[in-house]
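Data block for work08.cif (mmCIF, C-alpha atoms and all ligand atoms):
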data_target
loop_
_atom_site.label_atom_id
_atom_site.label_comp_id
_atom_site.auth_asym_id
_atom_site.auth_seq_id
_atom_site.Cartn_x
_atom_site.Cartn_y
_atom_site.Cartn_z
CA MET A 1 -7.96 -1.07 15.81
CA SER A 2 -5.16 -0.06 18.10
CA GLU A 3 -4.99 3.42 16.54
CA ALA A 4 -8.74 3.85 17.03
CA LEU A 5 -9.28 2.21 20.41
CA GLY A 6 -5.86 2.23 22.09
CA ALA A 7 -5.61 0.39 25.39
CA ALA A 8 -9.40 -0.18 25.36
CA ASN A 9 -8.68 -3.02 22.92
CA ASP A 10 -8.25 -6.54 24.18
CA LEU A 11 -6.76 -7.98 21.04
CA ALA A 12 -4.55 -11.04 20.70
CA LEU A 13 -2.48 -11.34 17.52
CA ILE A 14 -1.31 -14.94 17.13
CA ASP A 15 1.40 -15.91 14.63
CA LYS A 16 3.79 -18.86 14.61
CA ASN A 17 6.45 -16.77 12.88
CA ASP A 18 8.79 -14.38 14.68
CA ALA A 19 8.96 -11.86 11.83
CA PHE A 20 7.02 -10.37 8.93
CA VAL A 21 8.57 -10.23 5.46
CA PHE A 22 6.98 -8.38 2.51
CA GLY A 23 6.12 -10.76 -0.37
CA TYR A 24 8.20 -8.78 -2.84
CA SER A 25 11.28 -9.06 -0.62
CA LYS A 26 11.56 -12.68 -1.78
CA LEU A 27 12.59 -11.41 -5.22
CA ASP A 28 15.18 -9.15 -3.58
CA LEU A 29 16.52 -12.09 -1.56
CA MET A 30 16.79 -14.55 -4.45
CA PHE A 31 18.69 -12.12 -6.68
CA GLY A 32 20.97 -11.06 -3.83
CA ARG A 33 19.63 -7.47 -3.82
CA GLU A 34 18.90 -7.68 -0.07
CA ARG A 35 20.23 -9.69 2.87
CA PRO A 36 17.76 -11.70 5.03
CA GLU A 37 18.36 -9.51 8.14
CA ALA A 38 17.44 -6.40 6.14
CA VAL A 39 13.98 -7.64 5.08
CA ARG A 40 12.87 -9.29 8.35
CA LEU A 41 10.57 -7.17 10.50
CA PRO A 42 10.57 -8.91 13.91
CA TYR A 43 7.28 -9.03 15.77
CA ARG A 44 9.17 -8.19 18.95
CA ASP A 45 9.19 -4.63 17.52
CA PHE A 46 5.41 -4.70 17.18
CA ALA A 47 4.22 -2.68 20.17
CA LYS A 48 0.67 -1.38 19.91
CA PRO A 49 -1.61 -0.30 22.76
CA GLY A 50 -4.27 -2.92 23.46
CA VAL A 51 -2.58 -5.63 21.35
CA ARG A 52 -0.75 -8.71 22.67
CA PHE A 53 1.47 -10.57 20.25
CA LEU A 54 1.52 -14.33 20.96
CA ARG A 55 4.11 -16.35 19.09
CA GLU A 56 2.18 -19.63 19.04
CA THR A 57 1.11 -22.19 16.46
CA ILE A 58 -2.62 -22.54 15.97
CA THR A 59 -3.62 -26.21 15.99
CA ALA A 60 -7.42 -25.97 15.85
CA ILE A 61 -10.09 -23.37 15.09
CA ASP A 62 -13.71 -23.79 16.17
CA PRO A 63 -15.62 -21.05 14.32
CA VAL A 64 -18.93 -21.84 16.07
CA ALA A 65 -17.50 -21.44 19.58
CA ARG A 66 -14.95 -18.85 18.30
CA ARG A 67 -12.29 -20.88 20.05
CA VAL A 68 -8.65 -21.07 18.92
CA THR A 69 -6.34 -23.78 20.23
CA THR A 70 -2.59 -23.29 20.00
CA ASP A 71 0.46 -25.24 21.09
CA ALA A 72 0.41 -23.06 24.24
CA GLY A 73 -3.24 -22.66 25.19
CA VAL A 74 -6.89 -22.22 24.33
CA TYR A 75 -8.43 -18.79 23.56
CA GLU A 76 -12.12 -17.89 23.45
CA ALA A 77 -12.95 -14.77 21.45
CA ASP A 78 -15.92 -12.43 21.04
CA ILE A 79 -14.73 -11.74 17.51
CA LEU A 80 -12.41 -13.90 15.44
CA ILE A 81 -10.48 -12.74 12.37
CA VAL A 82 -8.80 -15.51 10.40
CA ALA A 83 -5.80 -14.25 8.41
CA LEU A 84 -3.57 -17.31 8.08
CA GLY A 85 -2.62 -16.79 4.43
CA ALA A 86 -1.99 -19.53 1.87
CA ASP A 87 0.50 -22.39 2.25
CA TYR A 88 2.42 -24.18 -0.49
CA ASP A 89 1.69 -27.74 -1.54
CA LEU A 90 4.97 -28.91 -3.06
CA ASP A 91 3.80 -32.55 -3.15
CA ALA A 92 1.02 -31.60 -5.58
CA THR A 93 3.73 -31.25 -8.25
CA PRO A 94 5.77 -34.48 -8.39
CA GLY A 95 9.49 -33.74 -8.65
CA LEU A 96 9.25 -30.11 -7.50
CA ALA A 97 10.59 -30.74 -3.99
CA GLN A 98 13.59 -32.75 -5.27
CA ALA A 99 14.43 -31.02 -8.53
CA GLY A 100 12.96 -27.54 -8.56
CA ASN A 101 13.62 -24.42 -6.63
CA GLU A 102 10.57 -22.59 -5.36
CA PHE A 103 11.00 -18.85 -4.86
CA TYR A 104 7.70 -18.17 -3.05
CA SER A 105 8.90 -18.79 0.52
CA VAL A 106 11.64 -16.92 2.37
CA ALA A 107 13.59 -20.18 2.78
CA GLY A 108 13.22 -20.98 -0.94
CA ALA A 109 14.35 -17.48 -1.96
CA GLU A 110 17.35 -17.71 0.39
CA ARG A 111 18.33 -21.09 -1.11
CA LEU A 112 18.09 -19.62 -4.60
CA ALA A 113 20.50 -16.85 -3.65
CA GLU A 114 23.06 -19.69 -3.33
CA VAL A 115 21.96 -21.58 -6.46
CA LEU A 116 21.67 -18.71 -8.96
CA PRO A 117 25.39 -17.81 -8.99
CA THR A 118 26.11 -21.39 -10.17
CA PHE A 119 23.83 -21.09 -13.22
CA THR A 120 25.90 -19.96 -16.20
CA ARG A 121 24.44 -21.72 -19.23
CA GLY A 122 21.33 -23.57 -20.37
CA ARG A 123 17.61 -23.12 -20.08
CA ALA A 124 15.87 -21.55 -17.10
CA ILE A 125 12.14 -22.00 -16.63
CA VAL A 126 10.03 -19.83 -14.34
CA GLY A 127 7.06 -22.14 -13.92
CA VAL A 128 3.68 -21.74 -12.20
CA CYS A 129 2.33 -25.05 -10.86
CA GLY A 130 -1.26 -24.06 -10.06
CA ALA A 131 -3.77 -21.21 -9.77
CA PRO A 132 -4.74 -19.21 -7.81
CA PHE A 133 -1.25 -18.07 -6.80
CA LYS A 134 -0.02 -15.04 -4.87
CA CYS A 135 0.78 -11.79 -6.64
CA PRO A 136 0.03 -12.71 -10.28
CA PRO A 137 2.75 -10.34 -11.67
CA ALA A 138 5.51 -11.99 -9.55
CA PRO A 139 6.48 -14.77 -12.03
CA SER A 140 6.83 -12.15 -14.79
CA GLU A 141 8.94 -10.01 -12.47
CA ALA A 142 11.14 -13.04 -11.67
CA ALA A 143 11.74 -13.70 -15.39
CA LEU A 144 12.65 -10.04 -16.08
CA LEU A 145 14.95 -9.79 -13.04
CA LEU A 146 16.59 -13.09 -14.03
CA HIS A 147 17.36 -11.55 -17.42
CA ASP A 148 19.10 -8.60 -15.70
CA TYR A 149 20.92 -10.90 -13.28
CA LEU A 150 22.33 -13.10 -16.07
CA SER A 151 23.17 -10.05 -18.24
CA GLU A 152 25.09 -8.38 -15.40
CA ARG A 153 27.13 -11.57 -15.00
CA GLY A 154 27.88 -11.68 -18.73
CA VAL A 155 26.20 -15.09 -19.31
CA ARG A 156 22.81 -14.07 -20.73
CA ASP A 157 23.77 -15.11 -24.30
CA ASP A 158 24.46 -18.65 -23.06
CA CYS A 159 21.06 -18.94 -21.34
CA GLU A 160 17.43 -19.17 -22.37
CA ILE A 161 14.52 -18.03 -20.21
CA SER A 162 10.94 -19.36 -20.47
CA LEU A 163 7.94 -18.37 -18.38
CA VAL A 164 5.07 -20.87 -18.03
CA MET A 165 1.78 -19.38 -16.76
CA PRO A 166 -1.76 -20.69 -16.52
CA PHE A 167 -3.20 -17.39 -17.83
CA GLY A 168 -3.51 -16.30 -21.46
CA THR A 169 -1.78 -13.00 -20.67
CA PRO A 170 0.60 -12.03 -17.84
CA VAL A 171 -1.91 -9.83 -15.92
CA PRO A 172 -5.40 -10.59 -17.32
CA PRO A 173 -7.38 -7.71 -15.67
CA SER A 174 -5.04 -5.12 -17.23
CA PRO A 175 -4.46 -5.54 -21.00
CA ASP A 176 -2.06 -2.54 -20.95
CA THR A 177 0.11 -4.12 -18.23
CA SER A 178 0.07 -7.43 -20.10
CA ALA A 179 1.04 -5.72 -23.37
CA ALA A 180 3.93 -3.91 -21.67
CA LEU A 181 5.16 -7.14 -20.08
CA LEU A 182 4.87 -9.07 -23.37
CA ALA A 183 6.83 -6.28 -25.11
CA ALA A 184 9.51 -6.45 -22.37
CA PHE A 185 9.71 -10.26 -22.77
CA GLY A 186 10.03 -9.83 -26.56
CA GLU A 187 12.83 -7.25 -26.25
CA ARG A 188 14.75 -9.54 -23.88
CA GLY A 189 14.19 -12.84 -25.68
CA ILE A 190 12.07 -14.33 -22.88
CA GLU A 191 9.65 -17.01 -24.14
CA PHE A 192 6.11 -16.71 -22.72
CA VAL A 193 4.25 -20.04 -22.59
CA ALA A 194 0.64 -18.97 -22.02
CA GLY A 195 -2.33 -20.93 -20.72
CA HIS A 196 -0.43 -23.80 -19.11
CA ARG A 197 0.81 -24.85 -15.71
CA VAL A 198 3.68 -27.17 -14.85
CA SER A 199 2.19 -30.45 -13.62
CA SER A 200 5.39 -32.39 -12.79
CA LEU A 201 9.17 -32.37 -13.08
CA ASP A 202 11.30 -35.33 -14.13
CA PRO A 203 14.60 -34.76 -12.30
CA ALA A 204 16.42 -37.59 -14.08
CA ARG A 205 15.66 -36.22 -17.57
CA LYS A 206 15.54 -32.55 -16.44
CA ILE A 207 12.15 -32.14 -18.06
CA ALA A 208 9.17 -30.03 -16.94
CA VAL A 209 5.88 -31.64 -17.96
CA LEU A 210 3.00 -29.25 -18.66
CA ASP A 211 -0.71 -29.92 -18.05
CA ASP A 212 -1.21 -30.94 -21.70
CA GLY A 213 1.69 -33.44 -21.56
CA ALA A 214 4.14 -31.17 -23.45
CA GLU A 215 7.74 -31.50 -22.23
CA LEU A 216 10.15 -28.59 -21.72
CA PRO A 217 13.80 -29.31 -20.91
CA TYR A 218 15.37 -27.20 -18.17
CA ASP A 219 18.72 -26.69 -16.46
CA LEU A 220 17.28 -24.39 -13.78
CA PHE A 221 13.65 -24.50 -12.62
CA LEU A 222 12.24 -21.61 -10.61
CA GLY A 223 8.83 -22.69 -9.38
CA VAL A 224 5.67 -21.15 -8.02
CA PRO A 225 4.19 -24.08 -6.04
CA LYS A 226 0.50 -24.90 -5.99
CA HIS A 227 -1.16 -23.00 -3.12
CA ARG A 228 -3.68 -24.14 -0.54
CA ALA A 229 -5.10 -22.91 2.75
CA PRO A 230 -3.15 -23.98 5.88
CA ASP A 231 -4.11 -27.44 7.23
CA VAL A 232 -5.59 -25.95 10.39
CA VAL A 233 -8.08 -24.04 8.23
CA LEU A 234 -8.86 -27.02 5.96
CA GLU A 235 -9.49 -29.14 9.06
CA SER A 236 -11.92 -26.56 10.51
CA GLU A 237 -15.49 -26.22 9.30
CA MET A 238 -14.67 -22.98 7.52
CA ALA A 239 -13.08 -24.09 4.23
CA GLU A 240 -15.10 -24.70 1.07
CA ASP A 241 -13.34 -25.50 -2.21
CA GLY A 242 -10.00 -25.05 -0.45
CA TYR A 243 -10.43 -21.55 1.01
CA VAL A 244 -12.77 -19.66 3.34
CA PRO A 245 -15.77 -18.11 1.57
CA VAL A 246 -16.72 -14.62 2.77
CA ASP A 247 -19.19 -11.88 1.93
CA SER A 248 -16.85 -9.82 -0.24
CA ARG A 249 -18.42 -6.52 0.94
CA THR A 250 -17.90 -7.16 4.68
CA LEU A 251 -15.41 -10.10 4.88
CA GLU A 252 -17.87 -11.93 7.17
CA THR A 253 -17.84 -15.73 7.03
CA LYS A 254 -21.06 -17.68 7.46
CA PHE A 255 -20.21 -18.03 11.17
CA PRO A 256 -21.44 -15.09 13.30
CA LYS A 257 -18.64 -12.69 14.36
CA VAL A 258 -16.02 -14.64 12.41
CA TYR A 259 -14.22 -12.80 9.59
CA ALA A 260 -11.57 -13.94 7.12
CA VAL A 261 -9.16 -11.61 5.29
CA GLY A 262 -6.24 -12.03 2.92
CA ASP A 263 -5.02 -15.05 1.01
CA VAL A 264 -6.95 -17.53 3.16
CA ALA A 265 -10.31 -16.09 2.02
CA THR A 266 -12.25 -16.32 -1.23
CA VAL A 267 -13.08 -12.66 -1.75
CA GLY A 268 -13.05 -12.28 -5.54
CA VAL A 269 -9.68 -10.46 -5.55
CA PRO A 270 -6.18 -11.81 -6.26
CA LYS A 271 -4.00 -13.12 -3.47
CA ALA A 272 -1.84 -10.07 -2.78
CA GLY A 273 -0.83 -8.07 0.27
CA VAL A 274 -2.51 -4.86 -0.88
CA PHE A 275 -5.84 -6.68 -0.97
CA SER A 276 -5.22 -8.27 2.45
CA GLU A 277 -4.50 -4.79 3.80
CA GLY A 278 -7.60 -3.25 2.16
CA ALA A 279 -9.87 -6.01 3.47
CA ALA A 280 -8.35 -5.72 6.96
CA ARG A 281 -9.07 -1.96 6.97
CA VAL A 282 -12.76 -2.63 6.28
CA VAL A 283 -13.00 -5.24 9.05
CA ALA A 284 -11.19 -3.00 11.54
CA ALA A 285 -13.38 0.01 10.68
CA SER A 286 -16.49 -2.11 10.98
CA LEU A 287 -15.48 -3.48 14.41
CA VAL A 288 -14.56 0.00 15.66
CA ALA A 289 -17.98 1.23 14.48
CA GLN A 290 -19.73 -1.67 16.23
CA LEU A 291 -17.83 -1.07 19.47
CA GLN A 292 -18.15 2.72 19.46
CA GLY A 293 -21.58 2.93 17.86
CA GLY A 294 -20.39 4.93 14.81
CA GLU A 295 -21.23 4.59 11.15
CA ARG A 296 -20.41 1.30 9.40
CA PRO A 297 -17.73 1.64 6.68
CA ALA A 298 -18.56 1.40 2.98
CA ALA A 299 -18.36 -2.06 1.42
CA TYR A 300 -14.92 -3.41 0.52
CA ASP A 301 -14.21 -2.30 -3.07
CA GLY A 302 -11.45 -4.74 -4.05
CA ARG A 303 -9.16 -1.96 -5.27
CA GLY A 304 -5.39 -2.11 -5.02
CA ALA A 305 -2.18 -0.87 -6.61
CA CYS A 306 0.58 -3.34 -7.45
CA TYR A 307 4.13 -2.33 -8.30
CA VAL A 308 5.66 -4.45 -11.05
CA GLU A 309 9.44 -4.88 -11.38
CA PHE A 310 10.34 -4.52 -15.07
CA GLY A 311 14.09 -4.84 -14.56
CA ALA A 312 16.65 -2.27 -15.76
CA GLY A 313 16.00 -0.28 -12.56
CA ARG A 314 12.37 0.43 -13.45
CA VAL A 315 9.07 -0.34 -11.81
CA GLY A 316 5.58 -0.11 -13.36
CA ARG A 317 2.29 0.20 -11.52
CA VAL A 318 -1.10 -1.34 -12.11
CA ASP A 319 -4.19 -0.09 -10.29
CA VAL A 320 -6.84 -2.76 -10.31
CA ASP A 321 -10.48 -2.67 -9.32
CA PHE A 322 -12.04 -6.08 -8.84
CA LEU A 323 -15.36 -5.50 -7.15
CA SER A 324 -16.88 -2.10 -7.87
CA GLY A 325 -17.81 -2.72 -11.53
CA PRO A 326 -19.30 -5.61 -13.52
CA LYS A 327 -15.85 -6.95 -14.36
CA PRO A 328 -12.28 -6.35 -13.12
CA THR A 329 -10.46 -3.39 -14.65
CA GLY A 330 -6.85 -2.23 -14.46
CA THR A 331 -4.98 1.00 -15.24
CA PHE A 332 -1.30 0.85 -16.08
CA GLN A 333 1.52 3.32 -15.41
CA ALA A 334 4.60 2.71 -17.55
CA PRO A 335 7.81 1.63 -15.82
CA SER A 336 9.94 4.50 -14.50
CA SER A 337 12.51 5.33 -11.86
CA ASP A 338 9.90 7.54 -10.12
CA LEU A 339 7.84 4.42 -9.48
CA VAL A 340 10.93 2.75 -7.94
CA ALA A 341 10.90 5.55 -5.36
CA GLU A 342 7.13 5.20 -4.92
CA LYS A 343 7.46 1.45 -4.25
CA GLN A 344 10.17 2.19 -1.68
CA HIS A 345 7.83 4.70 -0.02
CA PHE A 346 5.03 2.10 -0.04
CA GLY A 347 7.25 -0.31 1.95
CA ALA A 348 8.69 2.39 4.22
CA SER A 349 5.26 3.77 5.14
CA ARG A 350 4.05 0.29 6.20
CA ARG A 351 7.26 -0.40 8.14
CA ALA A 352 6.74 2.87 9.99
CA ARG A 353 3.04 2.33 10.70
CA TRP A 354 3.17 -1.34 11.62
CA PHE A 355 6.61 -1.65 13.23
CA ASP A 356 7.46 1.97 14.21
CA ARG A 357 10.54 1.81 12.01
C1 LIG B 1 7.43 -13.50 -4.71
C2 LIG B 1 6.23 -12.75 -4.17
C3 LIG B 1 6.06 -11.41 -4.48
C4 LIG B 1 4.94 -10.72 -4.00
N1 LIG B 1 4.80 -9.39 -4.29
C5 LIG B 1 3.73 -8.72 -3.84
C6 LIG B 1 3.57 -7.33 -4.15
O1 LIG B 1 4.42 -6.70 -4.79
N2 LIG B 1 2.46 -6.70 -3.70
C7 LIG B 1 1.50 -7.37 -2.96
O2 LIG B 1 0.51 -6.74 -2.58
N3 LIG B 1 1.62 -8.68 -2.66
C8 LIG B 1 2.72 -9.37 -3.07
N4 LIG B 1 2.86 -10.69 -2.76
C9 LIG B 1 1.76 -11.40 -2.07
C10 LIG B 1 1.73 -11.17 -0.57
O3 LIG B 1 2.96 -11.52 0.03
C11 LIG B 1 0.63 -12.01 0.07
O4 LIG B 1 -0.52 -11.98 -0.71
C12 LIG B 1 0.31 -11.47 1.46
O5 LIG B 1 1.41 -11.68 2.32
C13 LIG B 1 -0.93 -12.14 2.04
O6 LIG B 1 -1.15 -11.65 3.33
P1 LIG B 1 -1.95 -12.54 4.38
O7 LIG B 1 -1.93 -11.73 5.63
O8 LIG B 1 -3.25 -12.99 3.83
O9 LIG B 1 -1.05 -13.85 4.55
P2 LIG B 1 0.49 -13.98 5.04
O10 LIG B 1 1.25 -12.73 4.80
O11 LIG B 1 0.97 -15.25 4.43
O12 LIG B 1 0.34 -14.16 6.62
C14 LIG B 1 -0.22 -15.32 7.18
C15 LIG B 1 0.39 -15.50 8.54
O13 LIG B 1 -0.26 -16.59 9.19
C16 LIG B 1 0.71 -17.29 9.94
N5 LIG B 1 0.24 -18.66 10.14
C17 LIG B 1 -0.12 -19.57 9.19
N6 LIG B 1 -0.51 -20.71 9.77
C18 LIG B 1 -0.40 -20.54 11.10
C19 LIG B 1 -0.68 -21.35 12.24
N7 LIG B 1 -1.15 -22.61 12.11
N8 LIG B 1 -0.46 -20.84 13.47
C20 LIG B 1 0.00 -19.57 13.63
N9 LIG B 1 0.28 -18.75 12.59
C21 LIG B 1 0.07 -19.22 11.35
C22 LIG B 1 1.97 -17.22 9.11
O14 LIG B 1 3.10 -17.40 9.93
C23 LIG B 1 1.88 -15.83 8.50
O15 LIG B 1 2.60 -14.86 9.21
C24 LIG B 1 3.98 -11.40 -3.20
C25 LIG B 1 4.18 -12.75 -2.86
C26 LIG B 1 5.29 -13.42 -3.33
C27 LIG B 1 5.49 -14.86 -2.93
#
Once more with this new file: its structure as structure tokens, please.
Amino acid sequence: MSEALGAANDLALIDKNDAFVFGYSKLDLMFGRERPEAVRLPYRDFAKPGVRFLRETITAIDPVARRVTTDAGVYEADILIVALGADYDLDATPGLAQAGNEFYSVAGAERLAEVLPTFTRGRAIVGVCGAPFKCPPAPSEAALLLHDYLSERGVRDDCEISLVMPFGTPVPPSPDTSAALLAAFGERGIEFVAGHRVSSLDPARKIAVLDDGAELPYDLFLGVPKHRAPDVVLESEMAEDGYVPVDSRTLETKFPKVYAVGDVATVGVPKAGVFSEGAARVVAASLVAQLQGGERPAAYDGRGACYVEFGAGRVGRVDVDFLSGPKPTGTFQAPSSDLVAEKQHFGASRRARWFDR
């Protein structure tokens, strides 16, 4: 909106955090491939005409009045866009907070960077505790990168790796991506436990209990916690079945002039940054058209490209299309070093556009 309208905007961007971090940077942090300072993009560097950044915590949202209350004030808006993401509910999985290590938050990934060097033998489980969860390929990536990490340290033969996932295949919309991941697991001796989630951990016995009661012993548990919308959203009138329903073509909620984009919304696409970005583009184009009287943009198509870390210095790519056909489809590009460079360009282009870096 800033690019289109410049200083004519009167747009407040409210976030309680002082920096943005790409989701995939959490994998880089946990395996010590990047330092925290290198992946943090501080909002103080976010300088866009017509946009004020307010580092405040939102405590209430009234979608009827389009009023947002924060720890610092009350804001009335002509148009409200809710983009508060998904939070983690560690308490939904008994034992996870005490005994497991989650790698889905920056703090969790940073803690793991300290824990992983101490793991030299035994069984590691990468375990998903609930669906939907962000970036469906990420647990598979974590398992493959863990294999590399342990191999480089010369302890892989003393360790086992299992991946527990609530889906039948690693990336259900793309059978080719799933087949390539299953082949990579097979080559590396990674066990894939399909169709189950981890429902609790027993820290005393070092056992992960699955949703069917099966027990898996572990020495290291790397968890994907159950997700849920932030409390402030659940406490508003917007949430239904845990998230904010929207018209997937326009991202409009049922409240006039209130939109929801990204992980907080139920759009019919996975929870991933590329989909948040695509949905945000449609909302921004639609608002610019409304304000300037131009043509409305085409409906949101639910398309996105995800880069998938395969380990061994290679990245694959899956292009998925969730909304334009009768069922989701995906096209796979085999892992290569060219795609490593493409993923780097993906990050660099966003850093440049969003943070002028
Ligand atoms: C390990 C991992 C790997 C991933 N890899 C990829 C990938 O390769 N590609 C990809 O596309 N996606 C990936 N993702 C997913 C991606 O990070 C998320 O889907 C994306 O960040 C969602 O964007 P969002 O804007 O909806 O929410 P978020 O990025 O979570 O932003 C929500 C913002 O709301 C703020 N907020 C929340 N509550 C409040 C409040 N009460 N007051 C004020 N501010 C608040 C938060 O501080 C946050 O900045 C990955 C995620 C993980 C965990």
Legend entry - Test item: residues no farther than 7 Å from ligand LIG 1 (chain B), counting only C-alpha atoms and all ligand atoms, as a PyMOL selection string: chain A and resi 14-17+20+22-27+56-59+83-86+103-105+134-135+138+230+232+261-264+271-276+306-308
Legend entry - Interatomic distance, atom CA of Ala279 of chain A to atom CA of Gly316 of chain A (Å, one decimal):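 Taking atom CA of Ala279 of chain A as the start and atom CA of Gly316 of chain A as the end point, the length is 23.6 Å.
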Legend entry - Protein, DNA and RNA residues within 10 Å of (-11.1, -2.5, -9.0), only C-alpha atoms, as a VMD selection string: chain A and resid 173 269 301 to 305 319 to 331
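Atom CA of Asp356 of chain A sits 18.5 Å away from atom CA of Lys343 of chain A.
Proximity of A:Arg249, A:Arg281, A:Arg35, A:Arg188 to Ala4 of chain A, computed with all atoms listed in the file, is greatest for A:Arg281.
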Long-range neighbours of Val164 of chain A as a CSV table (one decimal) with C-alpha atoms, in the coordinates of the input, 7 Å cut-off, all atoms listed in the file, 6 positions minimum in chain:
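Result file around_7.csv:
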chain,number,residue,atom,x,y,z
A,126,VAL,CA,10.0,-19.8,-14.3
A,127,GLY,CA,7.1,-22.1,-13.9
A,128,VAL,CA,3.7,-21.7,-12.2
A,192,PHE,CA,6.1,-16.7,-22.7
A,193,VAL,CA,4.2,-20.0,-22.6
A,194,ALA,CA,0.6,-19.0,-22.0
A,196,HIS,CA,-0.4,-23.8,-19.1
A,197,ARG,CA,0.8,-24.8,-15.7
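Closest to Gly242 of chain A among A:Asp78, A:Asp62, A:Glu110, A:Asp87 is A:Asp87, based on all atoms listed in the file.
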Legend entry - Contact residues around Ile125 of chain A with only C-alpha atoms at 7 Å, ignoring same-chain residues under 4 positions, as a list in words: Ile161, Ser162, Leu163, Tyr218, Leu220, Phe221 and Leu222 of chain A
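Taking atom CA of Glu76 of chain A as the reference point, atom CA of Asp231 of chain A is found at 20.5 Å.
Of the listed residues (A:Glu102, A:Ala239, A:Pro94, A:Val233), A:Pro94 comes nearest to Leu210 of chain A; the distances count all atoms listed in the file.
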Inset, instruction - Take the point (1.3, -2.2, 19.4) in the file's coordinates, draw a sphere of radius 9 Å around it, and report as a list of chain:residue names every protein, DNA or RNA residue with an atom inside or on it, counting only C-alpha atoms. - result: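 Residues satisfying the cut-off, written out: A:Ser2, A:Glu3, A:Gly6, A:Asp45, A:Phe46, A:Ala47, A:Lys48, A:Pro49, A:Gly50, A:Val51, A:Arg52, A:Phe53, A:Trp354, A:Phe355.
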Print the selection's residues with C-alpha atoms to a file, as a JSON list (two decimals), in the coordinates of the input.
[["chain", "number", "residue", "atom", "x", "y", "z"],
["A", 2, "SER", "CA", -5.16, -0.06, 18.10],
["A", 3, "GLU", "CA", -4.99, 3.42, 16.54],
["A", 6, "GLY", "CA", -5.86, 2.23, 22.09],
["A", 45, "ASP", "CA", 9.19, -4.63, 17.52],
["A", 46, "PHE", "CA", 5.41, -4.70, 17.18],
["A", 47, "ALA", "CA", 4.22, -2.68, 20.17],
["A", 48, "LYS", "CA", 0.67, -1.38, 19.91],
["A", 49, "PRO", "CA", -1.61, -0.30, 22.76],
["A", 50, "GLY", "CA", -4.27, -2.92, 23.46],
["A", 51, "VAL", "CA", -2.58, -5.63, 21.35],
["A", 52, "ARG", "CA", -0.75, -8.71, 22.67],
["A", 53, "PHE", "CA", 1.47, -10.57, 20.25],
["A", 354, "TRP", "CA", 3.17, -1.34, 11.62],
["A", 355, "PHE", "CA", 6.61, -1.65, 13.23]]
